[in-house]
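J.: Shown below is the structure under consideration.
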Amino acid sequence: MKLKRFGALAMTSIVAASAMTACSASSQPAEGTAVQTEAKAESGDKKEEVQGEKTVINVWSKDRHDADYVQAKVDEYNKTNTDNIEVVYTLYTDNYKQAVDMAVQNGELPDFLVNQPMVWSTYYPTGQWADISPFMDDEMKEYFADEIIPGYNEFDGKIYFIPTTGTTCRLFYNKEIFERVGIEEPPATLEELVEDAKLITSQLKGEGIYGFAENMKSASSALQRSMCIGLQAETGMSYGYDFKNGRYDFTNWADTLRLWTELLSEECAFPGCESLDIDPLRTQFAAGKIGMYMSYSHAEPGVYANQFPMDSSKWDVAPIPTVGGKVTGKQYYDGSCEYIFNADSPNLETAFKVYKDLFATEDYLIGYYEGGYGVSIIPSILEKASPSEDFKNKKWLQINRDTDAMLPKAPHSAFGGGMIVEGEDLYKTVESIYYGGADVESTLQDLTDRYNKAYEEAIANGTGYEIKMDNYDPMNPILQ
């Protein structure tokens, strides 16, 4: 049976942790602006919130790596726009989803916000996100034609967001540490990764240097940028889902999880990985204390150029290794730099104007790519921009069409809250294996059974739908 309807792509959760204190869910005016007041300025049939004579547009982001660049552009826009608009830009990090949940409950969502997989999938079925196609003129639609993809950001002729950069996941490694212990090339298999990590730790732990780390404090955040991505290439499935047979099967994760159990042991891993967030991990990597870790290709160049300065010659990037180097499918690449719009905003048309005049301009997009904050996927930007040396010299930072592809979304992501799994989710379940010592085979079989049961019940209850592609080819996945 063919797919009946199709949600967004499987997008990894790009939720970078930060040492900074998170802002409250209710955004405050930027420093130097007047006190916010109510006025009756009409925008269509809705009333706009204004600050003195300025319309206030609230924008939320989850991304720390590009915050300085974005804030500078927002400040410039606030000083130079002649439309009496004031943009208030608020940064959330590890609590982004919770902040959005609370804002939805309290009717305090911003006018638009950076897209995030669980935020999108949770509230798309409720109609929370606005169709932006009525605000796009023909010129804009033509400019972004390659980025409007049915089943990804366009549903039933409605456009919900525009990806302007792309991202996938890679292995990042410290070249100096490799040289010190005699490792000539980054590992090509997961077995080699474990052995290299053991070698680094055994020789250098006296100096506080360890072979491997991952931000294991959040199992979902860690695994969505590492193990689960390698498994896409290794198994030809996405998050345990077999699109050809229309069933979940986690049993083929067993060999990978045995190796990950070793990788996270004291023989290999940076101490305290079980409570480590991504930004503290990056701090230690920049300080030369970690040999390897896995993360997003779009974010790290900006992180090491601006947030945690590190000489570019000291680090490089490689594909995520698989068990035995086995590859039966492509791993995902995903759009990023995407903004979704609050359908209940009283400022919706003005909010889109801000997006178009600020975040969708060539000046902004060229600067973003050249600054190392993300890999552009816009043809005209790729032609005109001069990206940073990292993107020129580190080939695996770029999207590679031989190994990376847009993938369909597994049911547990496509349905938002419509598929209710009894017990722990897949991330906490596999955590019970690599940290809790749970039996690999029986735990993965139980996980398979629970996910298939929840999927079948979602279809039966009408809260989900069948996702099955009879001719699905994991080496040539096509959105159906």
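Residue numbering restarts at 1 in every chain; chains get A, B, ... in the order shown in the structure tokens, and ligands count up from 1 in that same order.
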List the neighbours of region 313-316 of chain A out to 8 Å using only C-alpha atoms; skip same-chain residues closer than 3 positions along the sequence, and give me the result as a list in words.

T.: Phe172, Tyr173, Asn174, Lys175, Glu176, Met310 and Lys394 of chain A

J.: For the residues selected in the previous step, produce a file with N, CA and C atoms as a PDB file, in the first residue's frame.

T.:
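Written output follows (part_31.pdb):
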```pdb
ATOM      1  N   PHE A 172      33.835  14.306  14.122  1.00  0.00           N
ATOM      2  CA  PHE A 172      34.844  15.362  14.260  1.00  0.00           C
ATOM      3  C   PHE A 172      36.018  14.811  15.056  1.00  0.00           C
ATOM      4  N   TYR A 173      37.238  15.132  14.592  1.00  0.00           N
ATOM      5  CA  TYR A 173      38.392  14.573  15.279  1.00  0.00           C
ATOM      6  C   TYR A 173      39.523  15.592  15.371  1.00  0.00           C
ATOM      7  N   ASN A 174      40.345  15.425  16.410  1.00  0.00           N
ATOM      8  CA  ASN A 174      41.490  16.288  16.675  1.00  0.00           C
ATOM      9  C   ASN A 174      42.716  15.709  15.991  1.00  0.00           C
ATOM     10  N   LYS A 175      43.229  16.409  14.989  1.00  0.00           N
ATOM     11  CA  LYS A 175      44.345  15.906  14.192  1.00  0.00           C
ATOM     12  C   LYS A 175      45.634  15.790  15.003  1.00  0.00           C
ATOM     13  N   GLU A 176      45.850  16.724  15.916  1.00  0.00           N
ATOM     14  CA  GLU A 176      47.072  16.679  16.725  1.00  0.00           C
ATOM     15  C   GLU A 176      47.087  15.459  17.638  1.00  0.00           C
ATOM     16  N   MET A 310      39.135  27.685  18.174  1.00  0.00           N
ATOM     17  CA  MET A 310      40.069  26.574  17.992  1.00  0.00           C
ATOM     18  C   MET A 310      40.702  26.716  16.623  1.00  0.00           C
ATOM     19  N   LYS A 394      37.599  21.261   4.213  1.00  0.00           N
ATOM     20  CA  LYS A 394      37.112  20.066   4.911  1.00  0.00           C
ATOM     21  C   LYS A 394      35.901  19.541   4.137  1.00  0.00           C
TER      22      LYS A 394
END
```

J.: Quick one: everything within 12 Å of region 442-445 of chain A, counting only C-alpha atoms, minus sequence neighbours fewer than 4 positions away in the same chain. Send it as an MDAnalysis selection string.

T.: chainID A and resid 240 248:257 423:434 436:438 449:452

J.: Tell me which of A:Thr164, A:Asn476, A:His412, A:Phe341 sits closest to Ala458 (chain A), counting only C-alpha atoms.

T.: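 Between A:Thr164, A:Asn476, A:His412, A:Phe341, the residue approaching Ala458 (chain A) most closely is A:His412.
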
J.: For each of A:Gly367, A:Gly374, A:Gly151, A:Gly208, take the minimum atom-to-atom distance to Ser386 (chain A), counting only C-alpha atoms, then give the residue where this is smallest.

T.: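 When distances to Ser386 (chain A) are compared using only C-alpha atoms, the smallest one comes from A:Gly367.
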
J.: Counting only C-alpha atoms, which residue out of A:Thr350, A:Ser275, A:Thr403, A:Ser202 sits closest to Glu86 (chain A)?

T.: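 Of A:Thr350, A:Ser275, A:Thr403, A:Ser202, the one nearest Glu86 (chain A), counting only C-alpha atoms, is A:Thr350.
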
J.: Mind pulling up the distance from CA of Tyr333 (chain A) to CA of Ala145 (chain A)?

T.: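 Going from CA of Ala145 (chain A) over to CA of Tyr333 (chain A) covers 18.4 Å.
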
J.: Which parts of region 69-286 of chain A does DSSP call helix (DSSP H, G or I) when run on the backbone here, written out as a VMD selection string?

T.: chain A and resid 69 to 80 96 to 106 117 to 123 133 to 135 138 to 143 145 to 147 175 to 181 190 to 207 219 to 223 227 to 235 251 to 263 273 to 275 278 to 286

J.: Quick one: distance from CA of Pro186 (chain A) to CA of Met475 (chain A) in Å, one decimal?

T.: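 Computed distance, CA of Pro186 (chain A) to CA of Met475 (chain A), equals 23.8 Å.
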